[in-house]
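Worksheet: one structure, shown below.
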Amino acid sequence: RAAPDGFDEKKFATLRYRWHAPKGEFEDNKYGKTIIDVSRIPEESLRTKALNIHRPLVYYCRKDPQPYSTSLFRVNHYLDSYEAYSYRNDVRSKLRRCKECYEKKDSGAAVSADNDIRPWLQEFVNQVGYEKAQRLLSNAGEFVKLQTPQRTKN
């Protein structure tokens with residue numbers, strides 16, 4: 001059983017979905033993301049709009065992405081259900097509502113499987129306590145209706 005007693009593993013994508021594209025393979029994984037310790041960045045630098053999630057603060061982020069094989073911190077993307085994939089209201093919404101596009105991604109992602117991420121929930125419960133974990137994760141796996149973002153004219 002992947003989830004501690006009292007938790008429904010079907011509500012957690014990290015427990016339901018074990019398949020991902022091969023580690024280090026670019027075609028399906030694409031570029032890595034950046035993690036920034038914002039406490040070390042001047043506040044005025046944080047007021048600019050990020051143009052790219054892979055290098056949100058161009059001055060502080062490296063130009064050459066760290067290769068997967070030598071990266072100190074790695075997180076795999078797990079595709080999740082079509083409902084979760086198509087849920088977001090962002091600039092990729094039209095593409096994300098394309099079932100054929102999802103199935104294409106799914107075929108590329110369903111190559112490698114592991115259980116690397118699965119122990120997180122038990123560790124979370126151990127760290128914060130059962131009651132607090134239940135409260136914090138009570139809506140996990142639920143999809144509330146999102147408002148369509150309104151575009152403003154400049």
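Chains: A, B, ... in order of the structure tokens. Residues: from 1 per chain. Ligands: from 1, in order shown.
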Which residues come within 9 Å of Ile36 (chain A), counting only C-alpha atoms, excluding same-chain residues fewer than 3 positions away, as a compact mmCIF listing (two decimals) with N, CA and C atoms, in the first residue's frame?
# COMPACT_ATOMS: atom_id res chain seq x y z
N SER A 39 15.33 34.56 -0.82
CA SER A 39 15.82 35.36 0.32
C SER A 39 17.19 35.96 0.00
N ARG A 40 17.85 35.46 -1.04
CA ARG A 40 19.18 35.96 -1.41
C ARG A 40 19.14 36.90 -2.62
N ILE A 41 17.95 37.21 -3.10
CA ILE A 41 17.77 38.05 -4.29
C ILE A 41 17.23 39.40 -3.83
N LEU A 57 14.77 34.61 -13.54
CA LEU A 57 15.56 35.79 -13.20
C LEU A 57 16.87 35.68 -13.99
N TYR A 60 20.37 36.10 -12.59
CA TYR A 60 20.82 35.18 -11.54
C TYR A 60 20.85 33.72 -11.99
N CYS A 61 20.20 33.39 -13.07
CA CYS A 61 20.11 32.00 -13.52
C CYS A 61 21.18 31.71 -14.58
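For Gln134 (chain A), the set of protein, DNA and RNA residues having any atom at most 9 Å away, when counting only C-alpha atoms and skipping those fewer than 3 positions along the same chain, is Gly6, Phe7, Val125, Gly129, Tyr130, Glu131, Leu137 and Ser138 of chain A.
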Pull N, CA, C and O atoms from the residues just selected and write them as a compact mmCIF listing (two decimals), in the first residue's frame.
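Below you can see selection22.txt, which holds the result:
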# COMPACT_ATOMS: atom_id res chain seq x y z
N GLY A 6 -5.87 5.95 6.26
CA GLY A 6 -6.65 7.19 6.32
C GLY A 6 -6.44 8.10 5.12
O GLY A 6 -7.09 9.13 5.02
N PHE A 7 -5.54 7.76 4.22
CA PHE A 7 -5.29 8.54 3.01
C PHE A 7 -5.61 7.68 1.80
O PHE A 7 -5.23 6.51 1.75
N VAL A 125 3.51 12.90 6.75
CA VAL A 125 2.71 12.58 7.95
C VAL A 125 3.63 12.49 9.17
O VAL A 125 3.32 13.02 10.24
N GLY A 129 2.59 15.38 11.54
CA GLY A 129 1.58 14.72 12.36
C GLY A 129 0.36 14.34 11.53
O GLY A 129 0.04 14.99 10.53
N TYR A 130 -0.32 13.29 11.97
CA TYR A 130 -1.44 12.73 11.21
C TYR A 130 -2.58 13.73 11.03
O TYR A 130 -3.06 13.93 9.92
N GLU A 131 -3.03 14.38 12.11
CA GLU A 131 -4.17 15.28 12.03
C GLU A 131 -3.89 16.48 11.12
O GLU A 131 -4.71 16.86 10.29
N LEU A 137 -4.13 18.17 3.51
CA LEU A 137 -4.30 17.43 2.26
C LEU A 137 -5.75 17.02 2.00
O LEU A 137 -6.02 16.22 1.11
N SER A 138 -6.69 17.61 2.74
CA SER A 138 -8.09 17.20 2.65
C SER A 138 -8.69 17.37 1.25
O SER A 138 -9.58 16.63 0.86
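Of the residues listed (A:Pro65, A:Gly24, A:Gly141, A:Pro4), A:Pro4 shows the shortest atom-to-atom separation from Leu121 (chain A); distances use only C-alpha atoms.
Within the 7 Å cut-off around region 46-56 of chain A, using only C-alpha atoms and omitting residues fewer than 4 positions from it on the same chain, the listed residues are Tyr31, Gly32, Lys33, Thr34 and Cys61 of chain A.
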Show me, as a ChimeraX atom specification, the residues that have an atom within 12 Å of Asp116 (chain A) when counting only C-alpha atoms, minus same-chain residues fewer than 2 positions from it.
/A:2,14-15,17-20,74-76,78,112-114,118-121
Could you write out that same residue set with N, CA, C and O atoms as a PDB file, in the first residue's frame?
ATOM      1  N   ALA A   2       0.605   2.179  -0.903  1.00  0.00           N
ATOM      2  CA  ALA A   2       1.440   3.358  -1.064  1.00  0.00           C
ATOM      3  C   ALA A   2       1.086   4.487  -0.095  1.00  0.00           C
ATOM      4  O   ALA A   2       1.917   5.332   0.189  1.00  0.00           O
ATOM      5  N   THR A  14       1.177  11.505  -7.326  1.00  0.00           N
ATOM      6  CA  THR A  14       2.500  10.945  -7.035  1.00  0.00           C
ATOM      7  C   THR A  14       2.428   9.506  -6.539  1.00  0.00           C
ATOM      8  O   THR A  14       3.445   8.820  -6.509  1.00  0.00           O
ATOM      9  N   LEU A  15       1.256   9.066  -6.146  1.00  0.00           N
ATOM     10  CA  LEU A  15       1.094   7.679  -5.716  1.00  0.00           C
ATOM     11  C   LEU A  15       0.433   6.827  -6.811  1.00  0.00           C
ATOM     12  O   LEU A  15       0.663   5.626  -6.885  1.00  0.00           O
ATOM     13  N   TYR A  17       0.549   7.489 -10.322  1.00  0.00           N
ATOM     14  CA  TYR A  17       1.258   7.446 -11.601  1.00  0.00           C
ATOM     15  C   TYR A  17       2.741   7.233 -11.372  1.00  0.00           C
ATOM     16  O   TYR A  17       3.403   8.033 -10.738  1.00  0.00           O
ATOM     17  N   ARG A  18       3.251   6.141 -11.896  1.00  0.00           N
ATOM     18  CA  ARG A  18       4.654   5.763 -11.682  1.00  0.00           C
ATOM     19  C   ARG A  18       5.474   5.898 -12.961  1.00  0.00           C
ATOM     20  O   ARG A  18       6.674   5.736 -12.938  1.00  0.00           O
ATOM     21  N   TRP A  19       4.826   6.188 -14.066  1.00  0.00           N
ATOM     22  CA  TRP A  19       5.503   6.190 -15.356  1.00  0.00           C
ATOM     23  C   TRP A  19       5.980   7.581 -15.738  1.00  0.00           C
ATOM     24  O   TRP A  19       5.305   8.566 -15.498  1.00  0.00           O
ATOM     25  N   HIS A  20       7.145   7.633 -16.343  1.00  0.00           N
ATOM     26  CA  HIS A  20       7.692   8.900 -16.818  1.00  0.00           C
ATOM     27  C   HIS A  20       8.616   8.624 -17.990  1.00  0.00           C
ATOM     28  O   HIS A  20       8.962   7.476 -18.268  1.00  0.00           O
ATOM     29  N   ARG A  74      16.824  16.686  -8.621  1.00  0.00           N
ATOM     30  CA  ARG A  74      16.082  16.233  -9.800  1.00  0.00           C
ATOM     31  C   ARG A  74      14.652  15.870  -9.403  1.00  0.00           C
ATOM     32  O   ARG A  74      14.427  15.247  -8.388  1.00  0.00           O
ATOM     33  N   VAL A  75      13.725  16.279 -10.238  1.00  0.00           N
ATOM     34  CA  VAL A  75      12.322  15.926 -10.048  1.00  0.00           C
ATOM     35  C   VAL A  75      11.777  15.474 -11.390  1.00  0.00           C
ATOM     36  O   VAL A  75      11.963  16.155 -12.397  1.00  0.00           O
ATOM     37  N   ASN A  76      11.121  14.340 -11.419  1.00  0.00           N
ATOM     38  CA  ASN A  76      10.515  13.861 -12.659  1.00  0.00           C
ATOM     39  C   ASN A  76       9.122  14.441 -12.821  1.00  0.00           C
ATOM     40  O   ASN A  76       8.425  14.690 -11.842  1.00  0.00           O
ATOM     41  N   TYR A  78       5.478  13.529 -13.847  1.00  0.00           N
ATOM     42  CA  TYR A  78       4.592  12.392 -14.047  1.00  0.00           C
ATOM     43  C   TYR A  78       3.343  12.956 -14.707  1.00  0.00           C
ATOM     44  O   TYR A  78       2.789  13.942 -14.243  1.00  0.00           O
ATOM     45  N   SER A 112       9.527   4.593 -18.530  1.00  0.00           N
ATOM     46  CA  SER A 112      10.229   4.208 -17.315  1.00  0.00           C
ATOM     47  C   SER A 112       9.278   4.302 -16.127  1.00  0.00           C
ATOM     48  O   SER A 112       8.446   5.196 -16.068  1.00  0.00           O
ATOM     49  N   ALA A 113       9.421   3.389 -15.206  1.00  0.00           N
ATOM     50  CA  ALA A 113       8.587   3.406 -13.993  1.00  0.00           C
ATOM     51  C   ALA A 113       9.489   3.253 -12.777  1.00  0.00           C
ATOM     52  O   ALA A 113      10.507   2.573 -12.829  1.00  0.00           O
ATOM     53  N   ASP A 114       9.120   3.917 -11.708  1.00  0.00           N
ATOM     54  CA  ASP A 114       9.838   3.740 -10.450  1.00  0.00           C
ATOM     55  C   ASP A 114       8.938   4.156  -9.298  1.00  0.00           C
ATOM     56  O   ASP A 114       7.848   4.669  -9.501  1.00  0.00           O
ATOM     57  N   ARG A 118       7.169   7.937  -4.184  1.00  0.00           N
ATOM     58  CA  ARG A 118       6.069   7.429  -3.369  1.00  0.00           C
ATOM     59  C   ARG A 118       6.220   7.577  -1.852  1.00  0.00           C
ATOM     60  O   ARG A 118       5.226   7.787  -1.161  1.00  0.00           O
ATOM     61  N   PRO A 119       7.399   7.501  -1.270  1.00  0.00           N
ATOM     62  CA  PRO A 119       7.494   7.612   0.204  1.00  0.00           C
ATOM     63  C   PRO A 119       7.201   8.995   0.778  1.00  0.00           C
ATOM     64  O   PRO A 119       7.107   9.161   1.984  1.00  0.00           O
ATOM     65  N   TRP A 120       7.012  10.009  -0.070  1.00  0.00           N
ATOM     66  CA  TRP A 120       6.861  11.370   0.442  1.00  0.00           C
ATOM     67  C   TRP A 120       5.685  11.522   1.399  1.00  0.00           C
ATOM     68  O   TRP A 120       5.788  12.235   2.411  1.00  0.00           O
ATOM     69  N   LEU A 121       4.566  10.872   1.111  1.00  0.00           N
ATOM     70  CA  LEU A 121       3.369  11.092   1.925  1.00  0.00           C
ATOM     71  C   LEU A 121       3.573  10.581   3.352  1.00  0.00           C
ATOM     72  O   LEU A 121       3.245  11.274   4.320  1.00  0.00           O
TER      73      LEU A 121
END
Could you go through region 16-150 of chain A and tell me which residues DSSP, when run on the backbone, assigns to helix (DSSP H, G or I), listing them as a ChimeraX atom specification?
/A:16,26-29,38-40,43-47,68-70,82-85,93-96,99-109,120-128,130-136
Return as a ChimeraX atom specification the full set of residues in region 4-152 of chain A whose backbone-based DSSP assignment is strand (DSSP E or B).
/A:19-20,112-113
Tell me, as a PDB file with C-alpha atoms, in the first residue's frame, which residues lie within 10 Å of region 82-92 of chain A, counting only C-alpha atoms; anything in the same chain fewer than 2 positions away does not count.
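Ended up saving to around12.pdb:
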ATOM      1  CA  ALA A  13      -0.860  11.746  -8.603  1.00  0.00           C
ATOM      2  CA  LEU A  79       1.872  12.971 -16.621  1.00  0.00           C
ATOM      3  CA  ASP A  80      -1.186  12.330 -14.405  1.00  0.00           C
ATOM      4  CA  LYS A  94      -5.873  25.193 -25.794  1.00  0.00           C
ATOM      5  CA  LEU A  95      -3.081  22.654 -26.248  1.00  0.00           C
ATOM      6  CA  ARG A  96      -3.840  21.017 -22.912  1.00  0.00           C
ATOM      7  CA  ARG A  97      -7.465  20.385 -23.866  1.00  0.00           C
ATOM      8  CA  CYS A  98      -6.374  18.401 -26.915  1.00  0.00           C
ATOM      9  CA  LYS A  99      -6.928  14.724 -26.032  1.00  0.00           C
ATOM     10  CA  TYR A 102      -2.262  14.215 -24.182  1.00  0.00           C
ATOM     11  CA  GLU A 103      -2.186  10.715 -25.647  1.00  0.00           C
ATOM     12  CA  ASP A 106       1.390   9.739 -22.572  1.00  0.00           C
ATOM     13  CA  GLY A 141      -7.044  15.343  -6.014  1.00  0.00           C
ATOM     14  CA  GLU A 142     -10.122  17.566  -6.300  1.00  0.00           C
ATOM     15  CA  PHE A 143     -10.673  19.841  -9.268  1.00  0.00           C
ATOM     16  CA  VAL A 144     -12.727  22.951  -8.565  1.00  0.00           C
ATOM     17  CA  LYS A 145     -14.043  24.960 -11.502  1.00  0.00           C
ATOM     18  CA  LEU A 146     -11.526  27.598 -12.540  1.00  0.00           C
ATOM     19  CA  GLN A 147     -12.426  31.051 -13.763  1.00  0.00           C
ATOM     20  CA  THR A 148     -11.299  31.867 -17.291  1.00  0.00           C
ATOM     21  CA  PRO A 149      -8.622  34.548 -17.000  1.00  0.00           C
TER      22      PRO A 149
END
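Take the candidates A:Val128, A:Ala133, A:Leu72, A:Val58 and check each one against Asp5 (chain A) using only C-alpha atoms; the shortest distance goes to A:Ala133.
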